[in-house]
$ cat work-v9.cif   # mmCIF, C-alpha atoms
data_coords
#
loop_
_atom_site.label_atom_id
_atom_site.label_comp_id
_atom_site.auth_asym_id
_atom_site.auth_seq_id
_atom_site.Cartn_x
_atom_site.Cartn_y
_atom_site.Cartn_z
CA GLU A 1 -19.79 -5.48 -16.72
CA ASN A 2 -16.51 -3.64 -16.17
CA ILE A 3 -17.70 -2.32 -12.82
CA MET A 4 -18.92 -5.73 -11.65
CA SER A 5 -15.63 -7.32 -12.72
CA ASN A 6 -13.70 -4.77 -10.65
CA LEU A 7 -16.02 -5.31 -7.68
CA ASN A 8 -15.32 -9.05 -7.72
CA ASP A 9 -11.56 -8.67 -7.95
CA THR A 10 -9.24 -8.11 -4.99
CA ALA A 11 -7.50 -4.78 -5.49
CA SER A 12 -3.70 -4.91 -5.63
CA ALA A 13 -3.53 -2.52 -2.67
CA ASN A 14 -5.35 -5.12 -0.56
CA ARG A 15 -3.27 -8.10 -1.67
CA LEU A 16 -0.35 -9.53 0.26
CA HIS A 17 2.85 -8.18 -1.35
CA ILE A 18 5.65 -10.77 -1.54
CA GLY A 19 9.07 -9.45 -2.60
CA PHE A 20 11.91 -11.66 -3.89
CA PHE A 21 15.36 -10.19 -3.10
CA GLY A 22 18.95 -11.33 -3.50
CA LEU A 23 22.18 -11.05 -5.48
CA ARG A 24 22.46 -11.21 -9.24
CA ASN A 25 22.35 -14.74 -10.59
CA ALA A 26 21.01 -16.20 -7.34
CA GLY A 27 18.09 -17.37 -9.42
CA LYS A 28 15.44 -14.93 -8.13
CA SER A 29 13.58 -14.70 -11.42
CA SER A 30 13.75 -18.46 -12.02
CA LEU A 31 12.35 -19.08 -8.55
CA VAL A 32 9.60 -16.49 -9.06
CA ASN A 33 8.63 -18.31 -12.26
CA ALA A 34 8.68 -21.67 -10.48
CA VAL A 35 6.57 -20.40 -7.57
CA THR A 36 4.01 -18.67 -9.78
CA GLY A 37 3.94 -21.29 -12.52
CA GLN A 38 4.23 -18.47 -15.05
CA GLU A 39 6.98 -16.89 -17.12
CA LEU A 40 6.59 -13.77 -15.01
CA ALA A 41 10.24 -12.72 -15.15
CA VAL A 42 12.87 -12.91 -17.91
CA VAL A 43 15.50 -15.54 -17.12
CA SER A 44 19.08 -15.57 -18.40
CA ASP A 45 22.51 -16.87 -17.42
CA VAL A 46 23.73 -13.29 -17.77
CA LYS A 47 23.97 -11.49 -14.44
CA GLY A 48 21.59 -8.58 -13.93
CA THR A 49 18.86 -9.60 -16.38
CA THR A 50 16.21 -8.10 -14.09
CA THR A 51 16.79 -4.35 -14.29
CA ASP A 52 13.65 -3.00 -12.61
CA PRO A 53 11.17 -4.41 -10.10
CA VAL A 54 8.55 -6.56 -11.85
CA LYS A 55 5.10 -6.80 -10.22
CA LYS A 56 2.32 -9.26 -10.91
CA ALA A 57 -1.07 -9.46 -9.18
CA MET A 58 -2.26 -13.05 -9.20
CA GLU A 59 -3.97 -15.87 -7.33
CA LEU A 60 -1.36 -18.10 -5.70
CA LEU A 61 -2.49 -21.21 -3.84
CA PRO A 62 -2.49 -21.68 -0.90
CA LEU A 63 -2.02 -17.94 -0.30
CA GLY A 64 -4.91 -16.56 -2.39
CA PRO A 65 -4.69 -13.09 -3.99
CA VAL A 66 -1.12 -11.72 -3.86
CA VAL A 67 1.26 -9.35 -5.62
CA ILE A 68 4.59 -10.99 -6.50
CA ILE A 69 7.57 -8.63 -6.89
CA ASP A 70 10.84 -9.65 -8.57
CA THR A 71 13.65 -7.18 -7.84
CA PRO A 72 17.05 -6.36 -9.41
CA GLY A 73 20.18 -7.90 -7.90
CA LEU A 74 21.50 -6.16 -4.79
CA ASP A 75 25.08 -6.41 -6.06
CA ASP A 76 24.43 -4.60 -9.36
CA GLU A 77 27.39 -2.49 -10.49
CA GLY A 78 28.05 1.00 -11.80
CA GLU A 79 25.96 4.17 -11.50
CA LEU A 80 22.93 2.58 -13.16
CA GLY A 81 23.37 -0.48 -10.97
CA GLU A 82 23.29 1.69 -7.85
CA LYS A 83 19.97 3.15 -8.94
CA ARG A 84 18.60 -0.34 -9.48
CA VAL A 85 19.74 -1.37 -6.01
CA THR A 86 18.07 1.72 -4.56
CA ARG A 87 14.84 0.80 -6.33
CA ALA A 88 15.07 -2.77 -5.05
CA ARG A 89 15.51 -1.54 -1.48
CA ARG A 90 12.64 0.90 -2.03
CA ILE A 91 10.39 -2.09 -2.72
CA LEU A 92 10.88 -3.07 0.93
CA ALA A 93 8.46 -0.27 1.81
CA GLN A 94 5.73 -2.11 -0.12
CA THR A 95 6.63 -5.63 1.00
CA ASP A 96 4.52 -7.59 3.50
CA LEU A 97 6.59 -10.77 3.24
CA ALA A 98 10.15 -11.06 1.88
CA VAL A 99 11.96 -13.99 0.27
CA LEU A 100 15.76 -13.72 0.25
CA VAL A 101 17.04 -15.94 -2.57
CA VAL A 102 20.60 -17.22 -2.02
CA ASP A 103 22.76 -19.27 -4.40
CA SER A 104 23.31 -22.37 -2.26
CA THR A 105 26.53 -23.19 -4.15
CA VAL A 106 28.21 -20.07 -2.73
CA GLY A 107 26.15 -19.45 0.38
CA MET A 108 25.23 -16.24 2.16
CA GLN A 109 27.32 -13.27 1.03
CA GLN A 110 27.84 -10.00 2.88
CA GLU A 111 24.99 -8.30 1.00
CA ASP A 112 22.66 -11.16 1.95
CA LEU A 113 23.60 -10.88 5.61
CA GLU A 114 23.08 -7.10 5.53
CA LEU A 115 19.66 -7.54 3.94
CA GLU A 116 18.67 -10.09 6.59
CA ILE A 117 19.60 -7.54 9.27
CA LEU A 118 17.49 -4.96 7.45
CA PHE A 119 14.50 -7.34 7.43
CA LYS A 120 14.86 -7.74 11.18
CA GLU A 121 15.19 -3.99 11.77
CA LYS A 122 12.00 -3.39 9.80
CA LYS A 123 10.27 -6.29 11.59
CA LEU A 124 9.53 -7.70 8.13
CA PRO A 125 8.61 -11.41 8.04
CA TYR A 126 11.00 -13.25 5.73
CA LEU A 127 12.14 -16.62 4.41
CA ILE A 128 15.57 -17.48 3.04
CA ALA A 129 15.40 -19.76 0.00
CA PHE A 130 18.74 -21.44 -0.78
CA ASN A 131 18.31 -21.94 -4.53
CA LYS A 132 20.16 -24.29 -6.94
CA ALA A 133 20.03 -27.16 -4.45
CA ASP A 134 20.21 -29.53 -7.44
CA LEU A 135 23.84 -28.47 -7.97
CA MET A 136 24.94 -29.44 -4.49
CA LYS A 137 26.66 -32.79 -3.92
CA ASP A 138 26.34 -35.26 -1.07
CA ARG A 139 22.93 -34.01 0.02
CA VAL A 140 21.23 -35.47 3.05
CA ASN A 141 17.46 -35.68 3.14
CA ASP A 142 16.06 -33.80 6.10
CA ALA A 143 12.41 -34.72 6.75
CA GLU A 144 11.44 -31.10 7.23
CA ASN A 145 13.30 -29.04 4.65
CA HIS A 146 16.08 -31.06 2.93
CA ILE A 147 18.88 -29.28 4.79
CA ILE A 148 22.09 -29.82 2.86
CA ALA A 149 25.21 -31.12 4.55
CA GLU A 150 27.75 -29.07 2.59
CA LYS A 151 26.72 -25.53 3.54
CA THR A 152 29.20 -22.70 3.49
CA ASP A 153 30.35 -21.20 6.78
CA SER A 154 28.40 -18.00 6.14
CA ALA A 155 25.19 -19.96 5.56
CA LYS A 156 25.74 -21.92 8.78
CA LYS A 157 26.22 -18.72 10.77
CA SER A 158 22.89 -17.37 9.55
CA GLU A 159 21.00 -20.58 10.35
CA GLU A 160 19.42 -19.19 13.52
CA ASN A 161 15.94 -20.50 12.81
CA ALA A 162 15.28 -23.47 10.52
CA GLU A 163 11.68 -22.29 10.03
CA ASN A 164 13.02 -19.36 8.01
CA ARG A 165 15.35 -21.50 5.85
CA ILE A 166 14.54 -23.81 2.99
CA TYR A 167 16.62 -25.38 0.21
CA VAL A 168 14.96 -25.34 -3.21
CA SER A 169 15.66 -25.84 -6.88
CA SER A 170 13.85 -23.69 -9.40
CA LEU A 171 15.21 -26.02 -12.12
CA THR A 172 13.89 -29.34 -10.77
CA GLY A 173 11.06 -27.96 -8.66
CA GLU A 174 12.50 -29.47 -5.49
CA ASN A 175 10.78 -27.98 -2.41
CA VAL A 176 9.01 -25.27 -4.46
CA ASN A 177 5.64 -26.47 -3.16
CA GLU A 178 7.09 -26.54 0.35
CA LEU A 179 8.20 -22.93 -0.13
CA LYS A 180 4.66 -21.98 -1.18
CA GLU A 181 3.27 -23.74 1.90
CA ARG A 182 5.70 -21.82 4.10
CA LEU A 183 4.64 -18.56 2.46
CA GLY A 184 1.02 -19.53 3.02
CA ALA A 185 1.67 -20.13 6.72
CA PHE A 186 3.25 -16.69 7.04
CA ALA A 187 0.36 -15.16 5.11
CA GLN A 188 -2.17 -16.59 7.58
CA LYS A 189 -0.35 -14.83 10.41
CA LEU A 190 -0.43 -11.56 8.48
CA LYS A 191 -4.05 -11.87 7.38
CA ASN A 192 -5.73 -8.48 7.69
CA GLU A 193 -9.25 -8.67 9.10
CA LYS A 194 -9.75 -4.91 9.39
CA LYS A 195 -12.95 -3.54 7.93
CA LEU A 196 -13.27 -0.45 5.80
CA ILE A 197 -16.76 0.52 6.99
CA GLY A 198 -18.37 -2.69 8.25
CA ASP A 199 -17.60 -2.05 11.92
CA LEU A 200 -19.42 1.32 11.75
CA ILE A 201 -22.75 -0.17 10.70
CA SER A 202 -25.16 -2.91 11.77
CA PRO A 203 -26.94 -5.38 9.48
CA GLY A 204 -29.81 -3.63 7.71
CA ASP A 205 -28.34 -0.11 8.15
CA VAL A 206 -28.60 2.22 5.18
CA VAL A 207 -25.50 4.12 4.04
CA VAL A 208 -25.72 6.94 1.51
CA LEU A 209 -22.67 7.18 -0.75
CA VAL A 210 -22.26 10.57 -2.41
CA ILE A 211 -20.39 10.20 -5.70
CA PRO A 212 -20.05 13.33 -7.85
CA VAL A 213 -19.87 12.72 -11.58
CA ASP A 214 -17.91 15.58 -13.12
CA GLU A 215 -15.11 16.07 -15.63
CA SER A 216 -12.62 14.29 -13.34
CA ALA A 217 -14.77 11.16 -12.89
CA PRO A 218 -13.61 8.18 -15.02
CA LYS A 219 -15.97 7.30 -17.87
CA GLY A 220 -18.16 4.25 -17.42
CA ARG A 221 -16.85 3.06 -14.06
CA LEU A 222 -16.47 3.83 -10.37
CA ILE A 223 -13.12 4.49 -8.71
CA LEU A 224 -11.60 1.99 -6.30
CA PRO A 225 -12.56 3.63 -2.95
CA GLN A 226 -16.21 3.69 -4.02
CA GLN A 227 -16.13 0.08 -5.18
CA GLN A 228 -14.46 -1.22 -2.05
CA THR A 229 -16.78 0.70 0.27
CA MET A 230 -19.80 -0.77 -1.52
CA ARG A 231 -18.40 -4.27 -1.24
CA ASP A 232 -17.63 -3.91 2.47
CA ILE A 233 -21.17 -2.68 3.14
CA LEU A 234 -22.57 -5.69 1.31
CA ASP A 235 -20.21 -8.08 3.12
CA ASN A 236 -21.57 -6.77 6.43
CA HIS A 237 -25.22 -7.01 5.34
CA GLY A 238 -25.75 -3.28 5.08
CA ILE A 239 -27.62 -1.40 2.34
CA PHE A 240 -26.13 1.39 0.27
CA ILE A 241 -27.77 4.05 -1.84
CA SER A 242 -25.59 6.16 -4.10
CA CYS A 243 -26.25 9.57 -5.58
CA GLN A 244 -24.49 12.68 -6.80
CA ASP A 245 -24.06 15.60 -4.42
CA THR A 246 -26.70 17.55 -6.35
CA GLU A 247 -29.29 14.83 -5.62
CA LEU A 248 -28.48 14.30 -1.93
CA PRO A 249 -31.48 16.28 -0.55
CA GLN A 250 -33.94 14.28 -2.67
CA THR A 251 -32.22 11.03 -1.72
CA LEU A 252 -32.46 11.73 2.01
CA GLU A 253 -36.07 12.84 1.64
CA ALA A 254 -36.95 9.56 -0.13
CA LEU A 255 -35.71 7.43 2.78
CA ALA A 256 -38.25 6.23 5.36
CA LYS A 257 -35.73 6.96 8.14
CA PRO A 258 -32.37 8.75 8.31
CA PRO A 259 -29.34 6.74 7.13
CA ALA A 260 -26.79 5.44 9.61
CA LEU A 261 -24.01 7.20 7.75
CA VAL A 262 -23.31 9.45 4.77
CA VAL A 263 -19.97 8.95 2.99
CA THR A 264 -18.89 11.52 0.42
CA ASP A 265 -16.18 12.15 -2.10
CA SER A 266 -13.84 14.65 -0.44
CA GLN A 267 -14.22 17.40 -3.03
CA ALA A 268 -17.98 17.57 -2.35
CA PHE A 269 -17.51 17.80 1.42
CA GLY A 270 -18.72 21.40 1.78
CA ARG A 271 -22.00 20.98 -0.08
CA VAL A 272 -22.72 17.54 1.41
CA ALA A 273 -22.16 18.81 4.97
CA LYS A 274 -24.78 21.52 4.44
CA ASP A 275 -27.34 19.05 3.09
CA THR A 276 -26.77 16.30 5.67
CA PRO A 277 -28.84 16.65 8.89
CA ALA A 278 -26.80 17.26 12.03
CA ASP A 279 -27.99 14.02 13.63
CA VAL A 280 -26.63 11.92 10.73
CA MET A 281 -22.96 10.97 10.89
CA LEU A 282 -20.85 12.13 7.95
CA THR A 283 -17.39 11.15 6.74
CA SER A 284 -15.47 10.70 3.47
CA PHE A 285 -14.04 7.84 1.45
CA SER A 286 -10.60 9.33 2.02
CA ILE A 287 -10.97 9.31 5.82
CA LEU A 288 -12.27 5.74 5.75
CA PHE A 289 -9.22 4.65 3.78
CA ALA A 290 -6.83 6.50 6.08
CA ARG A 291 -8.26 4.60 9.04
CA TYR A 292 -8.29 1.31 7.11
CA LYS A 293 -4.58 1.67 6.40
CA GLY A 294 -3.87 2.44 10.06
CA SER A 295 -2.77 6.03 9.50
CA LEU A 296 -5.64 8.23 10.68
CA GLU A 297 -4.01 9.68 13.81
CA PRO A 298 -0.90 11.33 12.25
CA LEU A 299 -3.03 12.67 9.38
CA VAL A 300 -5.50 14.27 11.79
CA ARG A 301 -2.61 15.86 13.67
CA GLY A 302 -1.17 17.16 10.40
CA ALA A 303 -4.35 19.05 9.55
CA ALA A 304 -3.47 21.85 11.99
CA ARG A 305 -0.49 22.88 9.84
CA LEU A 306 -2.78 24.10 7.05
CA ALA A 307 -3.75 27.20 9.01
CA THR A 308 -0.15 28.28 9.69
CA LEU A 309 1.30 28.10 6.17
CA LYS A 310 3.10 31.27 5.05
CA ASN A 311 4.18 32.81 1.77
CA GLY A 312 6.88 30.66 0.17
CA ASP A 313 6.32 27.57 2.33
CA ARG A 314 6.73 24.47 0.17
CA VAL A 315 3.79 22.08 0.10
CA LEU A 316 4.08 18.65 -1.52
CA ILE A 317 0.87 17.28 -3.02
CA SER A 318 1.35 13.57 -3.55
CA GLU A 319 -0.86 10.98 -5.20
CA GLY A 320 -0.37 7.21 -5.08
CA CYS A 321 -1.63 6.64 -8.61
CA THR A 322 -1.02 8.23 -12.00
CA HIS A 323 -3.87 9.53 -14.11
CA HIS A 324 -4.62 12.01 -16.84
CA ARG A 325 -4.86 15.50 -15.36
CA GLN A 326 -8.15 17.31 -15.97
CA CYS A 327 -8.53 21.08 -16.30
CA ASN A 328 -10.13 21.22 -12.84
CA ASP A 329 -8.00 18.47 -11.29
CA ILE A 330 -8.38 18.05 -7.52
CA GLY A 331 -4.67 17.62 -6.79
CA THR A 332 -3.18 20.32 -8.97
CA VAL A 333 -6.03 22.85 -9.09
CA LYS A 334 -8.70 22.51 -6.41
CA ILE A 335 -6.59 21.69 -3.35
CA PRO A 336 -3.95 24.38 -4.02
CA GLY A 337 -6.79 26.90 -4.45
CA TRP A 338 -8.47 25.84 -1.21
CA ILE A 339 -5.15 25.99 0.67
CA ARG A 340 -4.40 29.52 -0.54
CA ALA A 341 -7.85 30.70 0.50
CA PHE A 342 -7.68 28.95 3.88
CA CYS A 343 -4.20 30.09 4.99
CA LYS A 344 -4.49 33.47 3.22
CA ALA A 345 -0.97 33.08 1.89
CA GLU A 346 0.87 31.95 -1.25
CA PRO A 347 2.72 28.70 -0.56
CA GLU A 348 4.77 27.02 -3.29
CA PHE A 349 3.42 23.68 -4.51
CA ALA A 350 5.31 20.62 -5.70
CA TYR A 351 3.71 17.42 -7.00
CA SER A 352 4.47 13.70 -7.08
CA SER A 353 2.45 10.73 -8.30
CA GLY A 354 2.62 6.95 -8.47
CA GLY A 355 5.82 5.52 -7.03
CA ASP A 356 7.60 8.87 -7.30
CA PHE A 357 7.72 9.88 -3.61
CA PRO A 358 10.73 12.08 -2.70
CA GLU A 359 13.48 10.56 -0.57
CA ASP A 360 14.35 13.95 0.96
CA LEU A 361 11.33 15.68 2.51
CA SER A 362 13.17 18.19 4.69
CA ASP A 363 12.41 21.10 2.36
CA TYR A 364 8.63 20.83 2.79
CA ALA A 365 6.42 22.55 5.34
CA LEU A 366 3.51 20.15 4.73
CA ILE A 367 2.62 17.06 2.70
CA VAL A 368 -0.94 16.67 1.41
CA HIS A 369 -1.44 13.08 0.27
CA CYS A 370 -4.30 11.41 -1.57
CA GLY A 371 -6.35 8.73 0.18
CA GLY A 372 -3.84 6.07 -0.89
CA CYS A 373 -6.41 3.64 -2.25
CA MET A 374 -3.88 2.33 -4.82
CA LEU A 375 -1.13 1.88 -2.19
CA ASN A 376 -0.94 -1.04 0.20
CA GLU A 377 -0.79 -0.43 3.94
CA LYS A 378 2.98 -0.94 4.11
CA GLU A 379 3.63 1.67 1.41
CA MET A 380 1.29 4.24 2.97
CA SER A 381 2.80 3.66 6.43
CA TRP A 382 6.29 4.07 4.95
CA ARG A 383 5.37 7.42 3.39
CA ILE A 384 3.84 8.70 6.60
CA GLY A 385 6.83 7.42 8.57
CA LYS A 386 9.23 9.21 6.20
CA ALA A 387 7.33 12.47 6.73
CA LEU A 388 7.30 12.16 10.52
CA GLU A 389 10.97 11.18 10.56
CA ALA A 390 11.74 14.37 8.64
CA GLY A 391 9.59 16.41 11.03
CA VAL A 392 7.12 17.29 8.26
CA PRO A 393 3.37 17.23 9.05
CA ILE A 394 1.30 15.12 6.65
CA VAL A 395 -2.44 15.16 5.97
CA ASN A 396 -4.61 13.48 3.35
CA TYR A 397 -7.11 14.98 0.92
CA GLY A 398 -10.25 14.13 2.88
CA ILE A 399 -8.97 15.39 6.23
CA ALA A 400 -7.46 18.52 4.66
CA ILE A 401 -10.66 19.38 2.81
CA ALA A 402 -12.77 18.80 5.94
CA GLN A 403 -10.42 21.04 7.93
CA MET A 404 -10.55 23.81 5.35
CA HIS A 405 -14.37 23.64 5.20
CA GLY A 406 -14.63 23.81 8.99
CA ILE A 407 -16.22 20.35 9.28
CA LEU A 408 -13.30 18.16 10.37
CA LYS A 409 -14.78 17.57 13.82
CA ARG A 410 -18.05 16.47 12.31
CA SER A 411 -16.38 14.19 9.76
CA LEU A 412 -14.55 12.40 12.59
CA GLU A 413 -17.68 11.72 14.67
CA PRO A 414 -17.71 8.05 13.60
CA PHE A 415 -14.25 7.76 15.25
CA PRO A 416 -14.56 9.25 18.79
CA GLN A 417 -10.94 8.45 19.67
CA MET A 418 -9.82 10.87 16.95
CA LEU A 419 -11.88 13.81 18.22
CA ALA A 420 -9.60 14.22 21.25
CA LEU A 421 -6.68 14.94 18.91
CA LEU A 422 -8.38 18.14 17.74
CA GLU A 423 -8.23 19.50 21.28
CA ASP A 424 -4.54 18.72 21.87
#
$ encode --input "work-v9.cif" --output "structure tokens"
Amino acid sequence: ENIMSNLNDTASANRLHIGFFGLRNAGKSSLVNAVTGQELAVVSDVKGTTTDPVKKAMELLPLGPVVIIDTPGLDDEGELGEKRVTRARRILAQTDLAVLVVDSTVGMQQEDLELEILFKEKKLPYLIAFNKADLMKDRVNDAENHIIAEKTDSAKKSEENAENRIYVSSLTGENVNELKERLGAFAQKLKNEKKLIGDLISPGDVVVLVIPVDESAPKGRLILPQQQTMRDILDNHGIFISCQDTELPQTLEALAKPPALVVTDSQAFGRVAKDTPADVMLTSFSILFARYKGSLEPLVRGAARLATLKNGDRVLISEGCTHHRQCNDIGTVKIPGWIRAFCKAEPEFAYSSGGDFPEDLSDYALIVHCGGCMLNEKEMSWRIGKALEAGVPIVNYGIAIAQMHGILKRSLEPFPQMLALLED
């Protein structure tokens, strides 16, 4: 029942992430509550009530499945305030669509204008919601978005595109539904139609999913990459058969004809490659997710760095989720062991997990990242971009393991455009 429930849900990593930004007391949290129809965020007249980003995965009509993020005020004060502001700006890396909430009684402030410039630099779709419209006097009713006559000069200067501006009241509910409709229109433009595996198979094709069950496997359920791959196969009218790596030979023998594709958990790559016939395409869940999130090319390029690591080189092993470490954990035990054996050297390893991704990467010779199934595409792209900006090669678990087992070329056969990178 737990597995089926997870299969039917849209994972947070695949939901549109909508971030609400603005100054303290602009009414961000009140507007979040009004938009969601829930007491998602704590509301107070005291400035700075929201101290950390608050996330909520939910269904929001007319958008569908989304993650709403309420952030601390961008004008927070003091040393702790600066850290909160940094965290709020960090949320931009996860945001697909931004809402800048402005107190309409004071208009756009310098921090608001700077944030709008940042949205434009990052090519991030955004709306500006002028909140507290109920407090304004002498309003005129605009048929489209209730534009208010008494705007401040700074607000007028920023009014470059009325489509991006709307006046609302979280107290009275004025234009809140209109705001949701505007968000829905933006969401339609951003709708992601990419397929995880569906474009690699035809209706009726059989896919074998190799899922080891060992001490690191969660009890009583499948992990997200496995669930999502199964669902995408079903959505595209394919057939999947799952087995452990120890049962792969018997599974293949039981099939009337060879499968169209074998997909394996990365840590079983070596054994699965030996047992999979050469005329059957093979790849991993991790590689599928790297492609799905639009990041396969830089990760394939980063694989070459594994062979040139030297004693003392610092390697960051980063995971997008947090979990209880097992005695034979893939990130802290298996991958470091495979790297040492492959490069015949003793690099130094550092680790990060969840949202804890270092700001300064310049000290690292290589970053080895998990498949990123718990991160949305924006977050994964931001991490890869940070690495490339710092001149640090980055590779993910699946590609790294395939490289170290000498089967990277084979694991990329489903993606011919990637094979050329191995010859560069």
$ atom_distance --input "work-v9.cif" --atom1 "CA of Gly73 (chain A)" --atom2 "CA of Pro53 (chain A)"
9.9 Å
$ resolve_selection --input "work-v9.cif" --expression "the PyMOL selection byres ((chain A and resi 262) around 10)" --output "list in words"
Val206, Val207, Val208, Leu209, Val210, Phe240, Ile241, Ser242, Leu248, Leu252, Pro258, Pro259, Ala260, Leu261, Val263, Thr264, Val272, Ala273, Thr276, Pro277, Val280, Met281, Leu282, Thr283, Ser284, Phe285 and Ser411 of chain A
$ closest_atom_pairs --input "work-v9.cif" --of "region 343-379 of chain A" --to "region 91-99 of chain A" --cutoff "8 Å" --atoms "only C-alpha atoms" --output "JSON lines"
{"residue": "A:Asn376", "atom": "CA", "partner": "A:Gln94", "partner_atom": "CA", "distance": 6.8}
{"residue": "A:Glu377", "atom": "CA", "partner": "A:Gln94", "partner_atom": "CA", "distance": 7.9}
{"residue": "A:Lys378", "atom": "CA", "partner": "A:Gln94", "partner_atom": "CA", "distance": 5.2}
{"residue": "A:Glu379", "atom": "CA", "partner": "A:Gln94", "partner_atom": "CA", "distance": 4.6}
$ resolve_selection --input "work-v9.cif" --expression "the PyMOL selection byres ((chain A and resi 407) around 12)" --output "short mmCIF file (atom, residue, chain, number, x, y, z; two decimals) with C-alpha atoms, in the coordinates of the input"
data_model
loop_
_atom_site.label_atom_id
_atom_site.label_comp_id
_atom_site.auth_asym_id
_atom_site.auth_seq_id
_atom_site.Cartn_x
_atom_site.Cartn_y
_atom_site.Cartn_z
CA SER A 266 -13.84 14.65 -0.44
CA PHE A 269 -17.51 17.80 1.42
CA GLY A 270 -18.72 21.40 1.78
CA ARG A 271 -22.00 20.98 -0.08
CA VAL A 272 -22.72 17.54 1.41
CA ALA A 273 -22.16 18.81 4.97
CA LYS A 274 -24.78 21.52 4.44
CA THR A 276 -26.77 16.30 5.67
CA ALA A 278 -26.80 17.26 12.03
CA MET A 281 -22.96 10.97 10.89
CA LEU A 282 -20.85 12.13 7.95
CA THR A 283 -17.39 11.15 6.74
CA SER A 284 -15.47 10.70 3.47
CA ALA A 303 -4.35 19.05 9.55
CA GLY A 398 -10.25 14.13 2.88
CA ILE A 399 -8.97 15.39 6.23
CA ALA A 400 -7.46 18.52 4.66
CA ILE A 401 -10.66 19.38 2.81
CA ALA A 402 -12.77 18.80 5.94
CA GLN A 403 -10.42 21.04 7.93
CA MET A 404 -10.55 23.81 5.35
CA HIS A 405 -14.37 23.64 5.20
CA GLY A 406 -14.63 23.81 8.99
CA LEU A 408 -13.30 18.16 10.37
CA LYS A 409 -14.78 17.57 13.82
CA ARG A 410 -18.05 16.47 12.31
CA SER A 411 -16.38 14.19 9.76
CA LEU A 412 -14.55 12.40 12.59
CA GLU A 413 -17.68 11.72 14.67
CA LEU A 419 -11.88 13.81 18.22
CA LEU A 422 -8.38 18.14 17.74
#
$ residues_around --input "work-v9.cif" --residues "Asn177 (chain A)" --least-positions-apart "4" --cutoff "12 Å" --atoms "all atoms listed in the file" --output "number ranges by chain"
A: 31, 34-37, 60-63, 145, 166-170, 172-173, 181-184
